[in-house]
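Working notes, structure below.
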Amino acid sequence: MDLKDKLVSSFMAFENNVDIDHPVHDVRTEAMKNFEQKGFPSKKEEAWKYTSLNSLQKIDFSIFPKQDNALDYKDVKKYFIHDIDTYKIVFIDGIYSSNLSETTHDGVDICLMSSALTKAMYKAVIDVYFNKVASKDESLTTLNTAFSREGAYIYIPKNKMPKKPVEIVHFATGNEASLMLQPRNLIIVEENAELQVIERHQSLTSNEVLTNSVTEIFAAKSAIIDYYKVQNDAATASLIDNTYINQKSKSFVNVHTFSFGGKLTRNNLNFYQNGEYMDSTMKGVTILGEKQHVDHHTLVHHIEPNCESHQDYKGIYGENSTGVFNGKIIVDKIAQKTNAFQQNNNILISDKATINTKPQLEIFADDVKCSHGCTIGQLDEDAMFYLQSRGIPEKEARALLMYAFANNVLESVRIPELKARINKLIAKKLGVNLGFDL
Amino acid sequence: MLKINDLHASVEDKEILNGINLEVNAGEVHAIMGPNGSGKSTLAAVIAGKEEFKVTKGNVVLDGEDLEDDAPEERAHKGVFLSFQYPVEIPGVSVTNFMKTAINESRKAKGLEDMPANQMLKMIREKAEMLEIDRKFLSRSLNEGFSGGEKKRNEIFQMAMLEPKLAILDETDSGLDIDALRIVANGVNKLKSKDNAVIVITHYQRLLEYIVPDFVHVLHNGKIVKSGGKELALELEAKGYDWIKQEATV
């Protein structure tokens with residue numbers, strides 16, 4: 001049985017475990033119909049031209065883990081930003097781990113999607129926000145919607161800011177031969193409120209893991225959100241990340257994506273600007289080797305006037321790795337005075353590495369500033385010579401230049417401990433010890 | 001210390017150095033002058049080991065050792081330093097961290113432990129003072145947003161930190177105002193000793209008023225066509241390079 005059939009037939013088993021009389025279940029059923037009709041995207045579709053899900057579909061993934069698994073904090077501490085205190089929403093094989101988590105209801109809600117989807121006190125919020133910005137059409141998003149049950153739920157009321165950042169971490173233990181996970185997150189930041197989130201998916205096993213994640217984010221007027229995605233997963237772990245962001249006037253939303261590992265990673269990052277004078281920022285550093293594959297698909301839809309968007313993605317591709325950047329910007333006819341910037345720079349450090357980069361601009365307004373630039377190159381030989389002439393060996397010199405290349409993106413990370421961690425990951429990824437933490 | 005024998009070098013089959021002979025002893029300052037395109041910067045880059053240039057004949061010998069097979073960093077470890085005409089910007093890496101890496105990599109190559117942090121900081125402080133470099137400057141990203149003068153001063157600061165045997169200053173005077181020129185030259189003079197040597201590459205005589213050479217060589221079409229004492233630089237300043245070119249073609 002192929003994966004699609006298995007998922008479709010698993011839906012009935014899933015229904016035995018959820019309240020099918022709840023209004024959310026109508027949403028799930030509708031979503032299942034869409035997925036059943038469309039199935040997995042194929043390379044024939046323009047948006048999936050360079051990313052094939054074929055081999056993943058041949059794997060016999062478990063859809064539901066058979067048992068609850070536990071992990072000791074000391075064994076997984078290194079996957080958290082443990083230098084500072086954080087709220088933690090942690091899942092092990094898709095199941096909430098109260099042991100590893102630190103949630104709160106103290107003025108803000110930092111807790112579980114399963115609670116939000118079932119408890120009466122959250123119903124009003126769920127009615128207004130659940131599945132309201134996520135696509136009802138894109139097949140993998142609807143697949144996630146159909147199975148939506150667990151994930152992170154964050155609600156920050158007007159003028160509030162949680163005392164510390166929130167970490168959302170998904171662990172896979174390998175107790176299943178192969179496991180498919182479908183976390184569903186809902187994040188609402190009300191007027192003039194603030195939030196910082198770090199999201200990570202971490203497989204602790206060499207067994208296959210496939211995560212199809214959907215995150216809906218709502219930034220109300222003047223809200224500020226910093227969202228960091230750390231993707232440094234095992235060589236047998238694949239991630240399809242679907243993030244949808246609905247922004248209102250004067251809000252700021254920044255999403256940083258650090259892609260250093262995993263087998264196949266697809267980031268669908270979608271911004272919808274429903275208001276004026278706001279800013280959407282997407283930045284990414286991708287450093288790949290082996291046969292890793294990362295595909296960044298971004299969308300910014302400028303719906304109203306006087307807004308900005310900034311995109312800056314840097315990629316370093318070695319060995320047989322492949323990368324994709326597809327940045328779509330839509331500027332509606334009434335969205336005058338839009339400033340949209342997009343930059344994608346890549347360095348290929350191996351003859352066998354590949355990058356496909358494509359800006360896609362659809363501009364219907366006439367008074368806008370849109371700029372885009374893609375570059376693909378090698379490391380600057382003059383710069384290499386400069387560093388080597390100071391006694392720095394070739395490998396270390398390369399690492400320094402690659403770090404300098406990615407630096408623009410790192411500069412805007414606003415959690416210093418996270419920045420330090422990312423720097424360490426980069427040094428590790430580049431295989432160097434420079435005698436200082438980058 | 002340095003002996004260059006009949007050195008020929010080319011880039012993409014175009015011959016740029018055409019039989020250079022030069023001997024530099026410890027304690028000496030040599031100036032290499034010449035018109036644009038004469039091969040001055042190429043000579044500097046070839047001594048420092050830039051791979052883009054192919055040595056087709058002859059060799060560069062440092063303390064009796066042929067440098068032919070040495071990568072640029074190995075030459076640096078042996079005491080060669082090249083001050084760049086256009087230093088490269090390295091965002092995100094501070095001057096201090098860069099120097100730590102450079103010094104400790106050199107020490108590693110010599111089988112030494114890393115320099116203790118307090119000793120490193122003391123050295124950085126002293127050398128920065130000598131070159132009138134503000135402490136704040138040291139935490140800035142290397143060369144990023146530096147003015148022309150700051151970049152050159154930073155090059156000499158690196159030279160001071162690395163304490164090379166042979167320092168080659170490639171057009172260090174270009175883009176410097178008179179005050180910056182004086183600071184840079186004073187720095188070089190303070191670093192001069194009987195054990196090291198300096199090669200100053202310059203188009204103009206101006207820098208040589210501050211860093212006084214023992215020998216002046218004129219390069220033309222990839223060859224040293226004239227050598228003399230410091231008065232040769234003045235002659236060149238007064239008469240230009242045309243007479244050299246004519247003499248060379250006769």
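By order of appearance in the structure tokens: chains A, B, ..., then residues from 1 within every chain, and ligands from 1 in the order shown.
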
What are the DSSP helix (DSSP H, G or I) residues of stretch 129-215 of chain B, as an MDAnalysis selection string? chainID B and resid 129:130 135:139 148:162 178:191 206:209

Excluding A:Ile89 and any residue of its chain fewer than 2 positions from it, enumerate the residues within 9 Å of it, using only C-alpha atoms, and give them as JSON, numbers by chain. {"A": [87, 91, 96, 97, 98, 100, 101, 102, 103, 110, 111, 112, 151, 152, 166, 167, 168, 169, 170]}

Mind writing the picked residues with N, CA and C atoms as an mmCIF file, in the first residue's frame?
```
data_model
loop_
_atom_site.group_PDB
_atom_site.id
_atom_site.type_symbol
_atom_site.label_atom_id
_atom_site.label_comp_id
_atom_site.auth_asym_id
_atom_site.auth_seq_id
_atom_site.Cartn_x
_atom_site.Cartn_y
_atom_site.Cartn_z
ATOM 1 N N TYR A 87 10.413 28.798 27.995
ATOM 2 C CA TYR A 87 9.251 27.909 28.037
ATOM 3 C C TYR A 87 9.514 26.816 27.024
ATOM 4 N N PHE A 91 7.630 17.419 22.359
ATOM 5 C CA PHE A 91 6.908 16.223 21.937
ATOM 6 C C PHE A 91 7.908 15.107 21.649
ATOM 7 N N TYR A 96 2.923 14.629 23.483
ATOM 8 C CA TYR A 96 3.387 15.646 24.416
ATOM 9 C C TYR A 96 4.157 15.030 25.581
ATOM 10 N N SER A 97 5.290 15.633 25.904
ATOM 11 C CA SER A 97 6.081 15.180 27.041
ATOM 12 C C SER A 97 6.002 16.213 28.151
ATOM 13 N N SER A 98 5.194 15.919 29.168
ATOM 14 C CA SER A 98 5.048 16.907 30.250
ATOM 15 C C SER A 98 6.353 16.996 31.045
ATOM 16 N N LEU A 100 9.485 16.989 29.932
ATOM 17 C CA LEU A 100 10.486 17.874 29.339
ATOM 18 C C LEU A 100 9.949 19.283 29.111
ATOM 19 N N SER A 101 8.657 19.466 29.310
ATOM 20 C CA SER A 101 8.052 20.745 28.928
ATOM 21 C C SER A 101 7.927 21.704 30.098
ATOM 22 N N GLU A 102 7.821 22.960 29.768
ATOM 23 C CA GLU A 102 7.469 23.965 30.768
ATOM 24 C C GLU A 102 6.487 24.923 30.112
ATOM 25 N N THR A 103 5.207 24.690 30.390
ATOM 26 C CA THR A 103 4.168 25.507 29.771
ATOM 27 C C THR A 103 3.702 26.543 30.779
ATOM 28 N N ILE A 110 0.794 29.327 26.866
ATOM 29 C CA ILE A 110 1.834 28.626 26.119
ATOM 30 C C ILE A 110 1.631 27.164 26.457
ATOM 31 N N CYS A 111 0.906 26.468 25.595
ATOM 32 C CA CYS A 111 0.494 25.115 25.968
ATOM 33 C C CYS A 111 0.279 24.252 24.742
ATOM 34 N N LEU A 112 -0.761 23.444 24.775
ATOM 35 C CA LEU A 112 -0.910 22.389 23.786
ATOM 36 C C LEU A 112 -2.080 22.590 22.848
ATOM 37 N N GLY A 151 0.280 19.690 18.938
ATOM 38 C CA GLY A 151 1.276 20.672 18.539
ATOM 39 C C GLY A 151 1.341 21.745 19.604
ATOM 40 N N ALA A 152 1.851 22.889 19.231
ATOM 41 C CA ALA A 152 1.956 23.980 20.201
ATOM 42 C C ALA A 152 0.800 24.958 20.002
ATOM 43 N N VAL A 166 10.037 30.904 23.755
ATOM 44 C CA VAL A 166 9.383 29.593 23.760
ATOM 45 C C VAL A 166 10.140 28.667 22.821
ATOM 46 N N GLU A 167 10.462 27.472 23.310
ATOM 47 C CA GLU A 167 11.066 26.465 22.430
ATOM 48 C C GLU A 167 10.035 25.390 22.131
ATOM 49 N N ILE A 168 9.848 25.124 20.855
ATOM 50 C CA ILE A 168 8.981 24.013 20.440
ATOM 51 C C ILE A 168 9.905 22.952 19.860
ATOM 52 N N VAL A 169 9.984 21.812 20.535
ATOM 53 C CA VAL A 169 10.940 20.788 20.104
ATOM 54 C C VAL A 169 10.228 19.456 19.904
ATOM 55 N N HIS A 170 10.476 18.859 18.762
ATOM 56 C CA HIS A 170 9.920 17.533 18.453
ATOM 57 C C HIS A 170 11.052 16.525 18.386
#
```

Output as a tab-separated table one row per residue of chain B within 7 Å of chain A: the closest atom pair and its distance in Å to one decimal place, counting only C-alpha atoms, sorted by chain and residue number ascending.
```
residue	atom	partner	partner_atom	distance
B:Ala48	CA	A:Ser389	CA	6.6
B:Lys50	CA	A:Phe385	CA	6.3
B:Pro72	CA	A:Ser389	CA	5.1
B:Glu73	CA	A:Gly391	CA	4.0
B:Glu74	CA	A:Gly391	CA	6.7
B:Ala76	CA	A:Gly391	CA	4.9
B:His77	CA	A:Gly391	CA	5.8
B:Phe81	CA	A:Ser389	CA	6.8
B:Leu82	CA	A:Ser389	CA	6.8
B:Val88	CA	A:Ala383	CA	5.8
B:Ile90	CA	A:Ala404	CA	5.5
B:Pro91	CA	A:Ala404	CA	4.8
B:Gly92	CA	A:Asn407	CA	5.7
B:Asn97	CA	A:Phe436	CA	6.7
B:Thr101	CA	A:Leu434	CA	5.8
B:Ala102	CA	A:Ile392	CA	5.5
B:Glu105	CA	A:Ile392	CA	6.0
B:Ser106	CA	A:Gly391	CA	5.7
```

For the residues selected in the previous step, produce a file with C-alpha atoms as a compact mmCIF listing (two decimals), in the first residue's frame.
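As a result, part-v9.txt now contains:
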```txt
# COMPACT_ATOMS: atom_id res chain seq x y z
CA ALA B 48 53.72 35.34 -0.79
CA LYS B 50 49.48 33.32 -4.67
CA PRO B 72 50.69 30.89 1.26
CA GLU B 73 50.00 29.95 4.89
CA GLU B 74 53.22 27.92 5.05
CA ALA B 76 53.47 32.99 6.45
CA HIS B 77 54.52 30.47 9.08
CA PHE B 81 54.13 38.85 5.45
CA LEU B 82 52.36 40.72 2.68
CA VAL B 88 39.54 42.02 2.16
CA ILE B 90 35.45 39.81 6.67
CA PRO B 91 32.06 40.61 8.22
CA GLY B 92 31.30 39.02 11.57
CA ASN B 97 39.43 37.20 16.83
CA THR B 101 43.24 32.71 14.76
CA ALA B 102 46.19 33.88 12.67
CA GLU B 105 47.51 28.83 13.54
CA SER B 106 51.11 29.95 13.12
```

Long-range neighbours of B:Glu52 as number ranges by chain, 9 Å cut-off, only C-alpha atoms, 3 positions minimum in chain: A: 381; B: 10-12, 46, 49

What's the 8 Å shell around stretch 119-130 of chain B, counting only C-alpha atoms, without same-chain residues fewer than 2 positions away, as a ChimeraX atom specification? /B:96,100,115-117,132-135,157,160-161,187

Write out as a PyMOL selection string the residues lying within 6 Å of stretch 187-195 of chain A, counting only C-alpha atoms and excluding same-chain residues fewer than 5 positions away. chain A and resi 153-161+217-225
